[in-house]
2 protein chains.
Amino acid sequence: MTGLLSPASVSGALRVGFDVGGTKIDAVVVSDAGEVVLRARRPTGWGADAVVTAVSETAETFAAELGISTSGFASIGIGIPGQAAADQRSITHAVNLGIDYLDLAAAIEPRLGTRVRTENDVKAAALGAAALHGGTGTIAYLNLGTGVAAGFVTDGVLWRGARGTAGEVGHVSIDPRGPECRCGQTGCIEMFVGGGALARRWGRPVDHAVRDIFDAADDGDAEAIGIRDGFVFGVASAIRLITLSVDPDFTVLGGGVTGLGDRMLTRVVAELERGASTSAFLRSLELTAHLEVLPAGSPVAALGAALVGAQAHQQEVTVHG
Amino acid sequence: MTGLLSPASVSGALRVGFDVGGTKIDAVVVSDAGEVVLRARRPTGWGADAVVTAVSETAETFAAELGISTSGFASIGIGIPGQAAADQRSITHAVNLGIDYLDLAAAIEPRLGTRVRTENDVKAAALGAAALHGGTGTIAYLNLGTGVAAGFVTDGVLWRGARGTAGEVGHVSIDPRGPECRCGQTGCIEMFVGGGALARRWGRPVDHAVRDIFDAADDGDAEAIGIRDGFVFGVASAIRLITLSVDPDFTVLGGGVTGLGDRMLTRVVAELERGASTSAFLRSLELTAHLEVLPAGSPVAALGAALVGAQAHQQEVTVHG
């Protein structure tokens, strides 16, 4: 656990946000002013009981550290790699966690005595990225992780779409002769960019397939160079299609793959500039001037999850009060 | 000129909307209730003076028909194939009309004595399509004409994006080995679908290239079948990527190419269903259940342009009043 501010110096509502990933949980306590007061990370475990226990215990440890009870938290928000129900209490299809359906709010609220709300992890991270970026207008958050998806936030409000599939750009096909995707299409952006797909294509038993591919490409391995070129093509394609559909003020890249930092960004920028060099139209969009990468280790998804709890609360006040 | 309602039966504000195309102008007078009171069509002419004259004369003819002066119209909205300035008074890059820059409001307001506002023609048509469709939520209007672009309307409000390029899906590449686009990219959707691109590829001196291609394909012409297959692939790709980025409640197809009617729609639906047959993910989106085609000859762009004038008015009242 890391205390980033002295708890004694914090006044006003405190909200907890969780980013529940396939392997680890990232958790933060956020002040009314949006400052991260405490942060903790721990392994996730597998299945519904493990997730409920890990979230509850982490919140209890936060509360003890702050000298309050868990009912003193204004809300708890949980970002999770699955589909959140419309009431933001339950989640479905969290396959990487071994969860088909789980009413997280029903499981956690009685124990902790405070409001619990859930959100898809990429959508939560988009809220966090927009908050970190600041300002008004529309922020697109493009998550480059095991999977690939985006979230769009306008003036602090998430754009969900009619079916909740807004931002599912990882499953836009960019090459009819491309690799087959598990979703049943061919040439999906996720097949070129997603850490899961690249690990399967690379086929070597390494912890970080994308980093290994970049290393091997630097050493001149032809297969690795081909996969790396496809990765850069896929990321640039996603950025272009986001601009030509939603047209955000800014696109923020995040997710595990961005841990490659400048090794990735330099090539993506070069690919965007190559495209712009032959197209006055693309040049006019100034894509590279409206692009940024989150710093490694940024708690963007947990921070965004804390905002999910806050937003759910505000909406209910508006609707019922 | 067609009188659709008896002018004597109309009360309240009357607004004029113009759809200024490359070859013809479609104009309507719309009542407060959204009913089309009068409609007229005439050739456009070439260049700024011809457009200003045609719009002014049409409005004057409408006014005479209604027994009022043109200053009695609450607003005049003009949809035009170019880029509207932020204040919606001038337009740029209307290349099909031979206009690089034109302050339409400055040119027309003094003569007609009423407020004039401009909008890109596809964005105006999107407003019209959303009004015709009715209801709340987000409507995507996908224009299949000489060019290909979309407009998104949520609860009656147009989504413009940060640079005004929201909905420019015609220039999303869907095939890195596809035809070269005039925009400098390869494999843009517009190269597969746009009437201009298809006429160039077909290369025969016919009035309606897409219809001629469909006719020849029906007769077994191999080249025509290839182009028609590409057209269907492009339209289906546009519908899928709109759903996987913006995720509208409904997608409405319009534009000159939709004059093919069921000959086109049947094949697009079959392509969407072919994709869904191999992908549970695509199947879950129920794309064909949320798709409709505007009836041939629908004055959707002129109707939407009339709404542009109304919206500009409302915004100014809010801001200044």
# chains A, B, ... in the order shown; residues from 1 in each chain; ligands from 1
call {"tool": "closest_atom_pairs", "arguments": {"of": "chain B", "to": "chain A", "cutoff": "8 Å", "atoms": "only C-alpha atoms", "output": "JSON lines"}}
result
{"residue": "B:Gly137", "atom": "CA", "partner": "A:Ala162", "partner_atom": "CA", "distance": 7.6}
{"residue": "B:Thr138", "atom": "CA", "partner": "A:Ala162", "partner_atom": "CA", "distance": 7.6}
{"residue": "B:Arg160", "atom": "CA", "partner": "A:Asp247", "partner_atom": "CA", "distance": 7.9}
{"residue": "B:Gly161", "atom": "CA", "partner": "A:Asp247", "partner_atom": "CA", "distance": 4.6}
{"residue": "B:Ala162", "atom": "CA", "partner": "A:Asp249", "partner_atom": "CA", "distance": 5.1}
{"residue": "B:Arg163", "atom": "CA", "partner": "A:Asp247", "partner_atom": "CA", "distance": 6.7}
{"residue": "B:Gly164", "atom": "CA", "partner": "A:Asp247", "partner_atom": "CA", "distance": 7.3}
{"residue": "B:Thr165", "atom": "CA", "partner": "A:Leu244", "partner_atom": "CA", "distance": 5.8}
{"residue": "B:Ala166", "atom": "CA", "partner": "A:Asp247", "partner_atom": "CA", "distance": 4.8}
{"residue": "B:Gly167", "atom": "CA", "partner": "A:Ser245", "partner_atom": "CA", "distance": 4.5}
{"residue": "B:Glu168", "atom": "CA", "partner": "A:Leu244", "partner_atom": "CA", "distance": 4.9}
{"residue": "B:Val169", "atom": "CA", "partner": "A:Leu244", "partner_atom": "CA", "distance": 5.6}
{"residue": "B:His171", "atom": "CA", "partner": "A:Leu244", "partner_atom": "CA", "distance": 7.3}
{"residue": "B:Val172", "atom": "CA", "partner": "A:Leu241", "partner_atom": "CA", "distance": 5.8}
{"residue": "B:Ser173", "atom": "CA", "partner": "A:Ile174", "partner_atom": "CA", "distance": 6.7}
{"residue": "B:Ile174", "atom": "CA", "partner": "A:Ile174", "partner_atom": "CA", "distance": 4.5}
{"residue": "B:Asp175", "atom": "CA", "partner": "A:Asp175", "partner_atom": "CA", "distance": 4.8}
{"residue": "B:Pro176", "atom": "CA", "partner": "A:Asp175", "partner_atom": "CA", "distance": 6.4}
{"residue": "B:Cys183", "atom": "CA", "partner": "A:Ser279", "partner_atom": "CA", "distance": 5.6}
{"residue": "B:Gly184", "atom": "CA", "partner": "A:Ser279", "partner_atom": "CA", "distance": 4.2}
{"residue": "B:Gln185", "atom": "CA", "partner": "A:Ser279", "partner_atom": "CA", "distance": 6.5}
{"residue": "B:Ser237", "atom": "CA", "partner": "A:Ser173", "partner_atom": "CA", "distance": 7.9}
{"residue": "B:Arg240", "atom": "CA", "partner": "A:Val172", "partner_atom": "CA", "distance": 7.3}
{"residue": "B:Leu241", "atom": "CA", "partner": "A:Val172", "partner_atom": "CA", "distance": 5.8}
{"residue": "B:Ile242", "atom": "CA", "partner": "A:Ser245", "partner_atom": "CA", "distance": 7.1}
{"residue": "B:Thr243", "atom": "CA", "partner": "A:Ala166", "partner_atom": "CA", "distance": 6.9}
{"residue": "B:Leu244", "atom": "CA", "partner": "A:Glu168", "partner_atom": "CA", "distance": 4.9}
{"residue": "B:Ser245", "atom": "CA", "partner": "A:Gly167", "partner_atom": "CA", "distance": 4.5}
{"residue": "B:Val246", "atom": "CA", "partner": "A:Ala166", "partner_atom": "CA", "distance": 4.9}
{"residue": "B:Asp247", "atom": "CA", "partner": "A:Gly161", "partner_atom": "CA", "distance": 4.6}
{"residue": "B:Pro248", "atom": "CA", "partner": "A:Ala162", "partner_atom": "CA", "distance": 5.5}
{"residue": "B:Asp249", "atom": "CA", "partner": "A:Ala162", "partner_atom": "CA", "distance": 5.1}
{"residue": "B:Gly275", "atom": "CA", "partner": "A:Gln185", "partner_atom": "CA", "distance": 7.1}
{"residue": "B:Thr278", "atom": "CA", "partner": "A:Gly184", "partner_atom": "CA", "distance": 5.3}
{"residue": "B:Ser279", "atom": "CA", "partner": "A:Gly184", "partner_atom": "CA", "distance": 4.2}
{"residue": "B:Ala280", "atom": "CA", "partner": "A:Cys183", "partner_atom": "CA", "distance": 7.0}
{"residue": "B:Phe281", "atom": "CA", "partner": "A:Cys183", "partner_atom": "CA", "distance": 5.9}
{"residue": "B:Leu282", "atom": "CA", "partner": "A:Cys183", "partner_atom": "CA", "distance": 7.9}
{"residue": "B:Leu285", "atom": "CA", "partner": "A:Arg163", "partner_atom": "CA", "distance": 7.4}
call {"tool": "residues_around", "arguments": {"residues": "Ile25 of chain B", "least_positions_apart": "6", "cutoff": "9 Å", "atoms": "only C-alpha atoms", "output": "PDB file with N, CA and C atoms, in the first residue's frame"}}
result
ATOM      1  N   PHE B  18     -32.678  24.314 -48.082  1.00  0.00           N
ATOM      2  CA  PHE B  18     -32.153  24.041 -49.414  1.00  0.00           C
ATOM      3  C   PHE B  18     -31.121  22.923 -49.358  1.00  0.00           C
ATOM      4  N   ASP B  19     -31.239  21.993 -50.285  1.00  0.00           N
ATOM      5  CA  ASP B  19     -30.176  21.019 -50.514  1.00  0.00           C
ATOM      6  C   ASP B  19     -29.551  21.375 -51.854  1.00  0.00           C
ATOM      7  N   ALA B  40     -39.724  22.550 -54.161  1.00  0.00           N
ATOM      8  CA  ALA B  40     -39.341  22.924 -55.526  1.00  0.00           C
ATOM      9  C   ALA B  40     -37.983  22.325 -55.858  1.00  0.00           C
ATOM     10  N   ARG B  41     -37.764  22.032 -57.128  1.00  0.00           N
ATOM     11  CA  ARG B  41     -36.452  21.583 -57.599  1.00  0.00           C
ATOM     12  C   ARG B  41     -36.066  22.359 -58.851  1.00  0.00           C
ATOM     13  N   ARG B  42     -34.789  22.696 -58.973  1.00  0.00           N
ATOM     14  CA  ARG B  42     -34.305  23.398 -60.166  1.00  0.00           C
ATOM     15  C   ARG B  42     -32.826  23.106 -60.330  1.00  0.00           C
ATOM     16  N   PRO B  43     -32.274  23.342 -61.544  1.00  0.00           N
ATOM     17  CA  PRO B  43     -30.837  23.119 -61.748  1.00  0.00           C
ATOM     18  C   PRO B  43     -30.018  24.101 -60.908  1.00  0.00           C
ATOM     19  N   THR B  44     -28.791  23.704 -60.552  1.00  0.00           N
ATOM     20  CA  THR B  44     -27.971  24.510 -59.654  1.00  0.00           C
ATOM     21  C   THR B  44     -27.229  25.624 -60.368  1.00  0.00           C
ATOM     22  N   VAL B  51     -25.354  29.996 -57.553  1.00  0.00           N
ATOM     23  CA  VAL B  51     -25.958  29.412 -56.353  1.00  0.00           C
ATOM     24  C   VAL B  51     -26.756  30.479 -55.595  1.00  0.00           C
ATOM     25  N   ALA B  54     -29.959  31.243 -57.562  1.00  0.00           N
ATOM     26  CA  ALA B  54     -30.937  30.155 -57.532  1.00  0.00           C
ATOM     27  C   ALA B  54     -31.622  30.063 -56.175  1.00  0.00           C
ATOM     28  N   VAL B  55     -30.842  30.186 -55.091  1.00  0.00           N
ATOM     29  CA  VAL B  55     -31.420  30.111 -53.751  1.00  0.00           C
ATOM     30  C   VAL B  55     -32.367  31.298 -53.524  1.00  0.00           C
ATOM     31  N   ALA B 302     -32.947  18.710 -47.674  1.00  0.00           N
ATOM     32  CA  ALA B 302     -33.581  20.035 -47.620  1.00  0.00           C
ATOM     33  C   ALA B 302     -34.342  20.211 -46.307  1.00  0.00           C
TER      34      ALA B 302
END
call {"tool": "closest_residue", "arguments": {"among": "A:Ala222, A:Ile80, A:Met264, A:Ala85", "to": "Asn120 of chain A", "atoms": "only C-alpha atoms"}}
result
A:Ile80
call {"tool": "select_by_dssp", "arguments": {"residues": "segment 47-145 of chain A", "states": "alpha helix (DSSP H)", "output": "JSON, numbers by chain"}}
result
{"A": [48, 49, 50, 51, 52, 53, 54, 55, 56, 57, 58, 59, 60, 61, 62, 63, 64, 65, 66, 104, 105, 106, 107, 108, 109, 110, 111, 112, 121, 122, 123, 124, 125, 126, 127, 128, 129, 130, 131, 132, 133]}
call {"tool": "write_last_selection", "arguments": {"atoms": "C-alpha atoms", "output": "compact mmCIF listing (two decimals), in the first residue's frame"}}
result
# COMPACT_ATOMS: atom_id res chain seq x y z
CA ALA A 48 -16.40 -14.81 -8.25
CA ASP A 49 -15.52 -15.56 -4.61
CA ALA A 50 -11.88 -14.59 -5.07
CA VAL A 51 -12.81 -11.26 -6.68
CA VAL A 52 -15.38 -10.42 -4.00
CA THR A 53 -12.89 -11.28 -1.23
CA ALA A 54 -10.01 -9.33 -2.78
CA VAL A 55 -12.12 -6.20 -3.34
CA SER A 56 -13.68 -6.32 0.14
CA GLU A 57 -10.38 -6.92 1.96
CA THR A 58 -8.64 -4.12 0.06
CA ALA A 59 -11.39 -1.65 0.92
CA GLU A 60 -11.19 -2.73 4.58
CA THR A 61 -7.42 -2.23 4.62
CA PHE A 62 -7.85 1.25 3.07
CA ALA A 63 -10.44 2.14 5.72
CA ALA A 64 -8.18 0.95 8.56
CA GLU A 65 -5.30 2.99 7.16
CA LEU A 66 -7.54 6.07 7.11
CA LEU A 104 -20.97 -7.45 -7.40
CA ALA A 105 -23.09 -4.81 -5.67
CA ALA A 106 -25.26 -7.44 -3.93
CA ALA A 107 -22.16 -9.39 -2.89
CA ILE A 108 -20.15 -6.44 -1.54
CA GLU A 109 -22.56 -3.71 -0.37
CA PRO A 110 -23.83 -5.54 2.76
CA ARG A 111 -20.27 -6.27 3.96
CA LEU A 112 -18.86 -2.77 3.33
CA ASP A 121 -12.69 -1.74 -17.39
CA VAL A 122 -11.89 0.10 -20.64
CA LYS A 123 -14.86 2.43 -20.20
CA ALA A 124 -13.74 3.10 -16.60
CA ALA A 125 -10.20 3.78 -17.83
CA ALA A 126 -11.59 6.22 -20.42
CA LEU A 127 -13.23 8.20 -17.61
CA GLY A 128 -9.92 8.19 -15.74
CA ALA A 129 -7.92 9.22 -18.82
CA ALA A 130 -10.31 12.10 -19.48
CA ALA A 131 -10.03 13.24 -15.87
CA LEU A 132 -6.22 13.09 -16.01
CA HIS A 133 -6.17 14.89 -19.37
call {"tool": "residues_around", "arguments": {"residues": "Val268 of chain A", "least_positions_apart": "2", "cutoff": "9 Å", "atoms": "only C-alpha atoms", "output": "ChimeraX atom specification"}}
result
/A:231-233,235-236,264-266,270-273
call {"tool": "atom_distance", "arguments": {"atom1": "atom CA of Gly220 of chain A", "atom2": "atom CA of Leu198 of chain A"}}
result
17.9 Å
